[in-house]
>>> print(open('input_11.txt').read())   # compact mmCIF, N, CA and C atoms
# COMPACT_ATOMS: atom_id res chain seq x y z
N MET A 1 33.77 119.02 84.93
CA MET A 1 35.08 118.70 85.45
C MET A 1 34.99 117.41 86.24
N ALA A 2 35.95 116.49 86.02
CA ALA A 2 36.00 115.23 86.75
C ALA A 2 37.16 115.26 87.73
N ARG A 3 36.97 114.58 88.85
CA ARG A 3 38.02 114.51 89.88
C ARG A 3 38.15 113.06 90.32
N TYR A 4 39.39 112.62 90.42
CA TYR A 4 39.69 111.25 90.84
C TYR A 4 40.69 111.31 91.99
N GLU A 5 40.50 110.48 92.99
CA GLU A 5 41.48 110.37 94.06
C GLU A 5 41.60 108.91 94.43
N LEU A 6 42.82 108.41 94.38
CA LEU A 6 43.10 107.02 94.72
C LEU A 6 44.22 106.98 95.74
N THR A 7 44.13 106.03 96.66
CA THR A 7 45.14 105.87 97.70
C THR A 7 45.46 104.39 97.84
N THR A 8 46.72 104.10 98.08
CA THR A 8 47.13 102.74 98.39
C THR A 8 48.20 102.80 99.47
N THR A 9 48.35 101.71 100.20
CA THR A 9 49.37 101.60 101.24
C THR A 9 50.41 100.59 100.78
N LEU A 10 51.68 100.97 100.93
CA LEU A 10 52.79 100.15 100.45
C LEU A 10 53.83 100.00 101.55
N THR A 11 54.68 99.01 101.41
CA THR A 11 55.81 98.86 102.31
C THR A 11 57.05 99.38 101.57
N ALA A 12 57.56 100.51 102.02
CA ALA A 12 58.71 101.13 101.36
C ALA A 12 59.24 102.25 102.24
N ASP A 13 60.46 102.65 101.98
CA ASP A 13 61.01 103.84 102.61
C ASP A 13 60.33 105.04 101.95
N PRO A 14 59.68 105.90 102.72
CA PRO A 14 58.90 106.99 102.10
C PRO A 14 59.73 107.96 101.26
N ASP A 15 60.92 108.32 101.73
CA ASP A 15 61.74 109.26 100.96
C ASP A 15 62.24 108.63 99.66
N ALA A 16 62.68 107.37 99.74
CA ALA A 16 63.16 106.68 98.54
C ALA A 16 62.03 106.48 97.54
N LEU A 17 60.85 106.13 98.03
CA LEU A 17 59.70 105.93 97.14
C LEU A 17 59.33 107.24 96.46
N PHE A 18 59.27 108.33 97.24
CA PHE A 18 58.93 109.61 96.61
C PHE A 18 59.97 109.99 95.57
N ALA A 19 61.24 109.79 95.89
CA ALA A 19 62.30 110.13 94.92
C ALA A 19 62.09 109.35 93.63
N ARG A 20 61.76 108.07 93.74
CA ARG A 20 61.54 107.26 92.54
C ARG A 20 60.31 107.72 91.76
N LEU A 21 59.22 107.97 92.48
CA LEU A 21 57.98 108.38 91.82
C LEU A 21 58.10 109.76 91.18
N SER A 22 58.95 110.61 91.73
CA SER A 22 59.04 111.98 91.19
C SER A 22 60.10 112.11 90.10
N GLU A 23 60.80 111.03 89.77
CA GLU A 23 61.74 111.06 88.64
C GLU A 23 60.93 111.06 87.36
N THR A 24 60.92 112.18 86.68
CA THR A 24 60.05 112.30 85.51
C THR A 24 60.40 111.33 84.39
N ALA A 25 61.65 110.93 84.29
CA ALA A 25 62.04 109.97 83.25
C ALA A 25 61.39 108.61 83.48
N ARG A 26 60.99 108.33 84.73
CA ARG A 26 60.36 107.05 85.05
C ARG A 26 58.84 107.06 84.86
N LEU A 27 58.29 108.15 84.43
CA LEU A 27 56.84 108.25 84.26
C LEU A 27 56.25 107.10 83.44
N PRO A 28 56.88 106.68 82.34
CA PRO A 28 56.31 105.55 81.59
C PRO A 28 56.26 104.24 82.39
N GLU A 29 57.09 104.10 83.42
CA GLU A 29 57.04 102.91 84.26
C GLU A 29 55.78 102.88 85.11
N HIS A 30 55.26 104.05 85.44
CA HIS A 30 54.14 104.13 86.36
C HIS A 30 52.79 104.32 85.69
N VAL A 31 52.78 104.93 84.51
CA VAL A 31 51.52 105.21 83.81
C VAL A 31 51.60 104.53 82.45
N SER A 32 50.80 103.50 82.27
CA SER A 32 50.93 102.64 81.09
C SER A 32 50.71 103.38 79.77
N GLU A 33 49.89 104.42 79.74
CA GLU A 33 49.63 105.14 78.50
C GLU A 33 50.78 106.04 78.08
N VAL A 34 51.63 106.41 79.04
CA VAL A 34 52.74 107.32 78.75
C VAL A 34 53.84 106.53 78.06
N THR A 35 54.26 107.03 76.91
CA THR A 35 55.31 106.37 76.13
C THR A 35 56.64 107.10 76.22
N GLY A 36 56.63 108.32 76.73
CA GLY A 36 57.87 109.06 76.89
C GLY A 36 57.66 110.35 77.65
N ALA A 37 58.70 110.79 78.33
CA ALA A 37 58.67 112.06 79.06
C ALA A 37 60.08 112.63 79.03
N GLU A 38 60.20 113.82 78.47
CA GLU A 38 61.53 114.43 78.39
C GLU A 38 61.44 115.88 78.84
N PRO A 39 62.47 116.36 79.53
CA PRO A 39 62.48 117.74 79.99
C PRO A 39 62.57 118.71 78.82
N VAL A 40 61.87 119.83 78.93
CA VAL A 40 61.98 120.90 77.95
C VAL A 40 62.37 122.20 78.62
N GLY A 41 62.71 122.11 79.89
CA GLY A 41 63.11 123.29 80.64
C GLY A 41 63.90 122.88 81.86
N PRO A 42 64.38 123.84 82.63
CA PRO A 42 65.18 123.52 83.81
C PRO A 42 64.33 122.83 84.88
N ALA A 43 64.96 121.93 85.62
CA ALA A 43 64.28 121.23 86.71
C ALA A 43 64.67 121.89 88.03
N HIS A 44 63.69 122.25 88.82
CA HIS A 44 63.90 122.84 90.13
C HIS A 44 62.90 122.20 91.07
N THR A 45 63.00 122.51 92.34
CA THR A 45 62.00 122.03 93.29
C THR A 45 61.27 123.21 93.88
N GLY A 46 60.11 122.96 94.41
CA GLY A 46 59.29 124.00 95.02
C GLY A 46 57.85 123.54 95.02
N ASP A 47 56.97 124.37 95.49
CA ASP A 47 55.57 123.98 95.53
C ASP A 47 54.70 124.97 94.76
N VAL A 48 55.25 125.51 93.71
CA VAL A 48 54.54 126.48 92.89
C VAL A 48 53.57 125.74 91.97
N PRO A 49 52.26 126.02 92.02
CA PRO A 49 51.32 125.30 91.18
C PRO A 49 51.63 125.36 89.69
N ASP A 50 52.21 126.44 89.20
CA ASP A 50 52.56 126.51 87.79
C ASP A 50 53.70 125.59 87.43
N GLY A 51 54.44 125.15 88.42
CA GLY A 51 55.52 124.21 88.19
C GLY A 51 56.84 124.86 87.87
N ASP A 52 57.90 124.17 88.22
CA ASP A 52 59.24 124.64 87.97
C ASP A 52 59.92 123.83 86.87
N ALA A 53 59.42 122.65 86.58
CA ALA A 53 59.98 121.85 85.50
C ALA A 53 58.94 121.74 84.39
N ARG A 54 59.44 121.71 83.17
CA ARG A 54 58.54 121.52 82.03
C ARG A 54 58.93 120.22 81.35
N LEU A 55 57.92 119.44 81.00
CA LEU A 55 58.15 118.17 80.32
C LEU A 55 57.33 118.13 79.05
N ARG A 56 57.82 117.39 78.09
CA ARG A 56 57.03 117.03 76.93
C ARG A 56 56.69 115.56 77.13
N VAL A 57 55.41 115.28 77.29
CA VAL A 57 54.96 113.92 77.59
C VAL A 57 54.19 113.39 76.39
N ALA A 58 54.59 112.20 75.95
CA ALA A 58 53.90 111.52 74.85
C ALA A 58 53.11 110.36 75.45
N ALA A 59 51.90 110.16 74.93
CA ALA A 59 51.05 109.09 75.43
C ALA A 59 50.26 108.49 74.29
N ASP A 60 49.87 107.25 74.47
CA ASP A 60 48.98 106.56 73.55
C ASP A 60 47.65 106.45 74.27
N VAL A 61 46.68 107.23 73.85
CA VAL A 61 45.37 107.28 74.49
C VAL A 61 44.35 106.69 73.54
N GLY A 62 43.93 105.48 73.82
CA GLY A 62 42.94 104.83 72.97
C GLY A 62 43.41 104.67 71.53
N GLY A 63 44.71 104.40 71.34
CA GLY A 63 45.25 104.22 70.00
C GLY A 63 45.62 105.52 69.30
N VAL A 64 45.45 106.65 69.97
CA VAL A 64 45.80 107.95 69.40
C VAL A 64 47.01 108.50 70.15
N ARG A 65 48.07 108.85 69.41
CA ARG A 65 49.27 109.43 70.03
C ARG A 65 48.99 110.89 70.37
N ARG A 66 49.28 111.24 71.60
CA ARG A 66 49.10 112.62 72.05
C ARG A 66 50.39 113.09 72.70
N VAL A 67 50.69 114.35 72.49
CA VAL A 67 51.87 114.97 73.10
C VAL A 67 51.40 116.24 73.80
N ALA A 68 51.83 116.42 75.03
CA ALA A 68 51.42 117.61 75.79
C ALA A 68 52.60 118.13 76.59
N GLU A 69 52.56 119.41 76.85
CA GLU A 69 53.53 119.99 77.76
C GLU A 69 52.93 119.94 79.16
N VAL A 70 53.76 119.54 80.10
CA VAL A 70 53.33 119.38 81.49
C VAL A 70 54.27 120.20 82.37
N ARG A 71 53.69 120.93 83.29
CA ARG A 71 54.45 121.67 84.29
C ARG A 71 54.42 120.85 85.58
N VAL A 72 55.59 120.69 86.21
CA VAL A 72 55.70 119.87 87.42
C VAL A 72 56.48 120.63 88.48
N ALA A 73 56.01 120.53 89.72
CA ALA A 73 56.75 121.06 90.87
C ALA A 73 56.80 119.97 91.93
N THR A 74 57.96 119.81 92.54
CA THR A 74 58.08 118.81 93.59
C THR A 74 58.56 119.46 94.88
N ASP A 75 58.16 118.85 95.97
CA ASP A 75 58.59 119.25 97.30
C ASP A 75 59.09 117.99 97.99
N PRO A 76 60.39 117.65 97.81
CA PRO A 76 60.91 116.41 98.39
C PRO A 76 60.76 116.35 99.91
N ALA A 77 60.93 117.47 100.60
CA ALA A 77 60.81 117.47 102.06
C ALA A 77 59.39 117.11 102.49
N GLY A 78 58.40 117.58 101.73
CA GLY A 78 57.00 117.27 102.04
C GLY A 78 56.50 116.04 101.30
N ARG A 79 57.37 115.43 100.48
CA ARG A 79 57.02 114.27 99.66
C ARG A 79 55.73 114.52 98.88
N ALA A 80 55.73 115.63 98.15
CA ALA A 80 54.55 116.01 97.37
C ALA A 80 54.99 116.52 96.00
N ALA A 81 54.16 116.27 95.01
CA ALA A 81 54.39 116.79 93.67
C ALA A 81 53.06 117.28 93.12
N VAL A 82 53.09 118.33 92.36
CA VAL A 82 51.91 118.83 91.67
C VAL A 82 52.26 118.99 90.20
N TRP A 83 51.28 118.80 89.33
CA TRP A 83 51.51 118.96 87.90
C TRP A 83 50.25 119.44 87.23
N ARG A 84 50.43 119.97 86.03
CA ARG A 84 49.28 120.32 85.20
C ARG A 84 49.72 120.26 83.74
N THR A 85 48.81 119.79 82.90
CA THR A 85 49.07 119.80 81.47
C THR A 85 48.55 121.13 80.93
N LEU A 86 49.21 121.61 79.91
CA LEU A 86 48.81 122.86 79.30
C LEU A 86 47.91 122.56 78.10
N GLY A 87 46.99 123.44 77.84
CA GLY A 87 46.11 123.26 76.70
C GLY A 87 44.69 122.94 77.12
N PRO A 88 43.79 122.84 76.14
CA PRO A 88 42.38 122.58 76.44
C PRO A 88 42.19 121.20 77.08
N GLY A 89 41.26 121.13 78.01
CA GLY A 89 40.95 119.87 78.67
C GLY A 89 42.09 119.35 79.51
N GLY A 90 42.97 120.25 79.95
CA GLY A 90 44.16 119.85 80.69
C GLY A 90 43.84 119.16 82.00
N HIS A 91 44.82 118.44 82.49
CA HIS A 91 44.72 117.73 83.76
C HIS A 91 45.58 118.44 84.80
N ARG A 92 45.13 118.37 86.02
CA ARG A 92 45.92 118.82 87.17
C ARG A 92 46.00 117.64 88.11
N GLY A 93 47.12 117.51 88.78
CA GLY A 93 47.23 116.39 89.69
C GLY A 93 48.16 116.67 90.85
N ARG A 94 48.03 115.80 91.84
CA ARG A 94 48.88 115.87 93.03
C ARG A 94 49.26 114.45 93.42
N LEU A 95 50.46 114.31 93.90
CA LEU A 95 50.96 113.05 94.43
C LEU A 95 51.48 113.32 95.82
N TYR A 96 51.05 112.53 96.78
CA TYR A 96 51.53 112.65 98.15
C TYR A 96 52.01 111.28 98.61
N VAL A 97 53.15 111.25 99.27
CA VAL A 97 53.65 110.05 99.92
C VAL A 97 53.74 110.39 101.40
N THR A 98 52.94 109.72 102.22
CA THR A 98 52.88 110.02 103.65
C THR A 98 53.13 108.76 104.46
N ASP A 99 53.52 108.95 105.70
CA ASP A 99 53.75 107.83 106.60
C ASP A 99 52.43 107.17 106.95
N ALA A 100 52.48 105.86 107.08
CA ALA A 100 51.32 105.08 107.53
C ALA A 100 51.79 104.31 108.77
N ALA A 101 51.40 103.06 108.89
CA ALA A 101 51.87 102.23 109.99
C ALA A 101 53.38 102.09 109.90
N PRO A 102 54.06 101.74 110.97
CA PRO A 102 55.53 101.59 110.91
C PRO A 102 55.96 100.70 109.74
N GLY A 103 56.85 101.25 108.90
CA GLY A 103 57.34 100.52 107.75
C GLY A 103 56.49 100.66 106.51
N ASP A 104 55.32 101.27 106.63
CA ASP A 104 54.42 101.44 105.49
C ASP A 104 54.29 102.91 105.12
N VAL A 105 53.93 103.14 103.88
CA VAL A 105 53.65 104.49 103.41
C VAL A 105 52.32 104.50 102.67
N ARG A 106 51.71 105.64 102.63
CA ARG A 106 50.46 105.82 101.89
C ARG A 106 50.75 106.71 100.70
N VAL A 107 50.33 106.26 99.53
CA VAL A 107 50.48 107.03 98.30
C VAL A 107 49.09 107.47 97.87
N THR A 108 48.91 108.76 97.72
CA THR A 108 47.63 109.31 97.27
C THR A 108 47.87 110.10 96.00
N VAL A 109 47.06 109.82 94.99
CA VAL A 109 47.11 110.53 93.72
C VAL A 109 45.74 111.15 93.49
N THR A 110 45.73 112.44 93.20
CA THR A 110 44.51 113.15 92.87
C THR A 110 44.68 113.75 91.48
N VAL A 111 43.69 113.56 90.62
CA VAL A 111 43.72 114.13 89.28
C VAL A 111 42.40 114.82 89.01
N GLU A 112 42.47 116.03 88.47
CA GLU A 112 41.29 116.77 88.05
C GLU A 112 41.43 117.06 86.57
N THR A 113 40.34 116.91 85.83
CA THR A 113 40.38 117.18 84.40
C THR A 113 39.47 118.34 84.07
N GLY A 114 39.70 118.93 82.92
CA GLY A 114 38.86 120.02 82.45
C GLY A 114 37.62 119.51 81.74
N GLY A 115 37.56 118.21 81.51
CA GLY A 115 36.46 117.62 80.76
C GLY A 115 35.59 116.73 81.62
N PRO A 116 34.72 115.96 80.97
CA PRO A 116 33.81 115.07 81.69
C PRO A 116 34.56 113.84 82.22
N ASP A 117 33.86 113.05 83.01
CA ASP A 117 34.40 111.81 83.55
C ASP A 117 34.92 110.95 82.39
N ASP A 118 36.11 110.38 82.57
CA ASP A 118 36.73 109.56 81.52
C ASP A 118 37.14 108.23 82.12
N PRO A 119 36.42 107.16 81.81
CA PRO A 119 36.75 105.85 82.37
C PRO A 119 38.18 105.40 82.05
N ARG A 120 38.73 105.86 80.92
CA ARG A 120 40.11 105.49 80.58
C ARG A 120 41.10 106.08 81.57
N LEU A 121 40.83 107.31 82.03
CA LEU A 121 41.72 107.94 83.00
C LEU A 121 41.64 107.20 84.32
N ARG A 122 40.43 106.89 84.74
CA ARG A 122 40.27 106.14 85.99
C ARG A 122 41.00 104.80 85.89
N ALA A 123 40.89 104.12 84.76
CA ALA A 123 41.56 102.83 84.56
C ALA A 123 43.08 103.00 84.60
N ALA A 124 43.59 104.08 84.00
CA ALA A 124 45.03 104.33 84.01
C ALA A 124 45.54 104.56 85.43
N LEU A 125 44.77 105.31 86.23
CA LEU A 125 45.16 105.54 87.62
C LEU A 125 45.11 104.25 88.43
N ASP A 126 44.06 103.46 88.23
CA ASP A 126 43.97 102.16 88.90
C ASP A 126 45.17 101.29 88.55
N HIS A 127 45.52 101.27 87.27
CA HIS A 127 46.65 100.47 86.81
C HIS A 127 47.95 100.96 87.44
N ALA A 128 48.16 102.27 87.48
CA ALA A 128 49.40 102.82 88.05
C ALA A 128 49.54 102.45 89.52
N LEU A 129 48.47 102.62 90.30
CA LEU A 129 48.56 102.28 91.71
C LEU A 129 48.65 100.76 91.91
N GLY A 130 48.00 100.00 91.04
CA GLY A 130 48.11 98.54 91.11
C GLY A 130 49.54 98.09 90.86
N THR A 131 50.21 98.71 89.90
CA THR A 131 51.61 98.39 89.61
C THR A 131 52.48 98.68 90.83
N LEU A 132 52.26 99.84 91.45
CA LEU A 132 53.01 100.18 92.65
C LEU A 132 52.74 99.16 93.76
N HIS A 133 51.49 98.80 93.91
CA HIS A 133 51.12 97.87 94.97
C HIS A 133 51.80 96.51 94.77
N ARG A 134 51.91 96.07 93.54
CA ARG A 134 52.58 94.79 93.27
C ARG A 134 54.08 94.88 93.55
N ARG A 135 54.67 96.04 93.32
CA ARG A 135 56.12 96.22 93.57
C ARG A 135 56.44 96.37 95.04
N TYR A 136 55.55 97.01 95.77
CA TYR A 136 55.78 97.33 97.18
C TYR A 136 54.61 96.82 98.01
N ARG A 137 54.54 95.54 98.21
CA ARG A 137 53.41 94.95 98.96
C ARG A 137 53.51 95.28 100.44
N PRO A 138 52.39 95.63 101.04
CA PRO A 138 52.40 95.90 102.50
C PRO A 138 52.51 94.61 103.30
>>> encode(input="input_11.txt", output="structure tokens")
Amino acid sequence: MARYELTTTLTADPDALFARLSETARLPEHVSEVTGAEPVGPAHTGDVPDGDARLRVAADVGGVRRVAEVRVATDPAGRAAVWRTLGPGGHRGRLYVTDAAPGDVRVTVTVETGGPDDPRLRAALDHALGTLHRRYRP
């Protein structure tokens, strides 16, 4: 099992940033491999690890198209989201948006996989946080 945790500090309103990051339709904006994300079930909020929303996420991973069902739960008050992909070698993840210095926020993403270390996943996470950092410079 591999585990990745990345953190960056940005200048943004924490609630507005979390709202933007937790919009599942915007997932392709944040993760370059993701080509689409559409709901397949009702969207609710909560902190249930199994998730309250179901998505069908399409991605291009190393030139191979993959589609997976993902369960997502969000807690807007706590500015946290958890997700997990269903199926073998699934991923679990957490997103936290927390206060930092006045006017700044800290974004932390943690991902755990069912398989071995994957440099492509680490690169995708680096790219996602790098994109955020360029949009919201501290």
>>> closest_residue(input="input_11.txt", among="A:Ala12, A:Ala2, A:Ala77, A:Leu27", to="Pro102 in chain A", atoms="only C-alpha atoms")
A:Ala12
>>> select_by_dssp(input="input_11.txt", residues="range 60-138 of chain A", states="alpha helix (DSSP H)", output="PyMOL selection string")
chain A and resi 119-135
>>> closest_residue(input="input_11.txt", among="A:Trp83, A:Thr98, A:Gly78, A:Pro28", to="Ala58 in chain A", atoms="only C-alpha atoms")
A:Pro28
>>> atom_distance(input="input_11.txt", atom1="CA of His91 in chain A", atom2="atom C of Val105 in chain A")
24.3 Å
>>> closest_residue(input="input_11.txt", among="A:Asp13, A:Asp118, A:Glu112, A:Glu69", to="Arg84 in chain A", atoms="all atoms listed in the file")
A:Glu69
>>> decode(input="input_11.txt", residues="range 86-116 of chain A", atoms="N, CA and C atoms", output="tab-separated table (two decimals), in the first residue's frame")
chain	number	residue	atom	x	y	z
A	86	LEU	N	-14.04	2.43	-5.98
A	86	LEU	CA	-14.47	1.06	-5.75
A	86	LEU	C	-13.72	0.14	-6.71
A	87	GLY	N	-13.47	-1.05	-6.28
A	87	GLY	CA	-12.80	-2.02	-7.14
A	87	GLY	C	-11.39	-2.32	-6.66
A	88	PRO	N	-10.72	-3.25	-7.34
A	88	PRO	CA	-9.37	-3.65	-6.94
A	88	PRO	C	-8.38	-2.50	-7.09
A	89	GLY	N	-7.45	-2.44	-6.16
A	89	GLY	CA	-6.42	-1.41	-6.21
A	89	GLY	C	-6.96	-0.01	-6.03
A	90	GLY	N	-8.12	0.09	-5.37
A	90	GLY	CA	-8.79	1.38	-5.21
A	90	GLY	C	-7.97	2.38	-4.42
A	91	HIS	N	-8.33	3.63	-4.59
A	91	HIS	CA	-7.68	4.73	-3.89
A	91	HIS	C	-8.64	5.28	-2.84
A	92	ARG	N	-8.06	5.76	-1.77
A	92	ARG	CA	-8.81	6.49	-0.75
A	92	ARG	C	-8.11	7.83	-0.60
A	93	GLY	N	-8.87	8.86	-0.34
A	93	GLY	CA	-8.23	10.15	-0.20
A	93	GLY	C	-9.00	11.08	0.72
A	94	ARG	N	-8.28	12.13	1.11
A	94	ARG	CA	-8.87	13.17	1.95
A	94	ARG	C	-8.35	14.51	1.46
A	95	LEU	N	-9.21	15.49	1.53
A	95	LEU	CA	-8.86	16.87	1.21
A	95	LEU	C	-9.26	17.72	2.40
A	96	TYR	N	-8.33	18.54	2.88
A	96	TYR	CA	-8.61	19.46	3.97
A	96	TYR	C	-8.20	20.85	3.55
A	97	VAL	N	-9.05	21.83	3.83
A	97	VAL	CA	-8.71	23.23	3.64
A	97	VAL	C	-8.78	23.86	5.03
A	98	THR	N	-7.63	24.33	5.52
A	98	THR	CA	-7.56	24.88	6.88
A	98	THR	C	-6.97	26.28	6.84
A	99	ASP	N	-7.23	27.03	7.89
A	99	ASP	CA	-6.69	28.38	8.00
A	99	ASP	C	-5.18	28.31	8.21
A	100	ALA	N	-4.49	29.27	7.63
A	100	ALA	CA	-3.05	29.43	7.84
A	100	ALA	C	-2.85	30.85	8.36
A	101	ALA	N	-1.84	31.54	7.89
A	101	ALA	CA	-1.62	32.93	8.27
A	101	ALA	C	-2.81	33.76	7.81
A	102	PRO	N	-3.04	34.92	8.37
A	102	PRO	CA	-4.18	35.75	7.95
A	102	PRO	C	-4.22	35.93	6.42
A	103	GLY	N	-5.37	35.57	5.84
A	103	GLY	CA	-5.54	35.68	4.39
A	103	GLY	C	-5.07	34.47	3.62
A	104	ASP	N	-4.42	33.53	4.28
A	104	ASP	CA	-3.92	32.33	3.61
A	104	ASP	C	-4.67	31.09	4.10
A	105	VAL	N	-4.66	30.07	3.27
A	105	VAL	CA	-5.22	28.78	3.63
A	105	VAL	C	-4.22	27.69	3.30
A	106	ARG	N	-4.35	26.59	3.99
A	106	ARG	CA	-3.50	25.42	3.73
A	106	ARG	C	-4.39	24.34	3.14
A	107	VAL	N	-3.96	23.78	2.03
A	107	VAL	CA	-4.67	22.69	1.38
A	107	VAL	C	-3.81	21.44	1.54
A	108	THR	N	-4.39	20.41	2.12
A	108	THR	CA	-3.69	19.14	2.31
A	108	THR	C	-4.49	18.05	1.61
A	109	VAL	N	-3.80	17.27	0.80
A	109	VAL	CA	-4.40	16.14	0.11
A	109	VAL	C	-3.63	14.89	0.52
A	110	THR	N	-4.37	13.88	0.95
A	110	THR	CA	-3.79	12.59	1.30
A	110	THR	C	-4.44	11.53	0.43
A	111	VAL	N	-3.63	10.68	-0.17
A	111	VAL	CA	-4.15	9.59	-1.00
A	111	VAL	C	-3.46	8.30	-0.59
A	112	GLU	N	-4.26	7.25	-0.42
A	112	GLU	CA	-3.73	5.92	-0.14
A	112	GLU	C	-4.21	4.99	-1.24
A	113	THR	N	-3.33	4.13	-1.70
A	113	THR	CA	-3.70	3.19	-2.76
A	113	THR	C	-3.63	1.77	-2.23
A	114	GLY	N	-4.29	0.88	-2.92
A	114	GLY	CA	-4.25	-0.53	-2.57
A	114	GLY	C	-3.05	-1.23	-3.18
A	115	GLY	N	-2.32	-0.53	-4.03
A	115	GLY	CA	-1.19	-1.13	-4.73
A	115	GLY	C	0.13	-0.52	-4.31
A	116	PRO	N	1.18	-0.83	-5.06
A	116	PRO	CA	2.52	-0.31	-4.75
A	116	PRO	C	2.64	1.17	-5.11
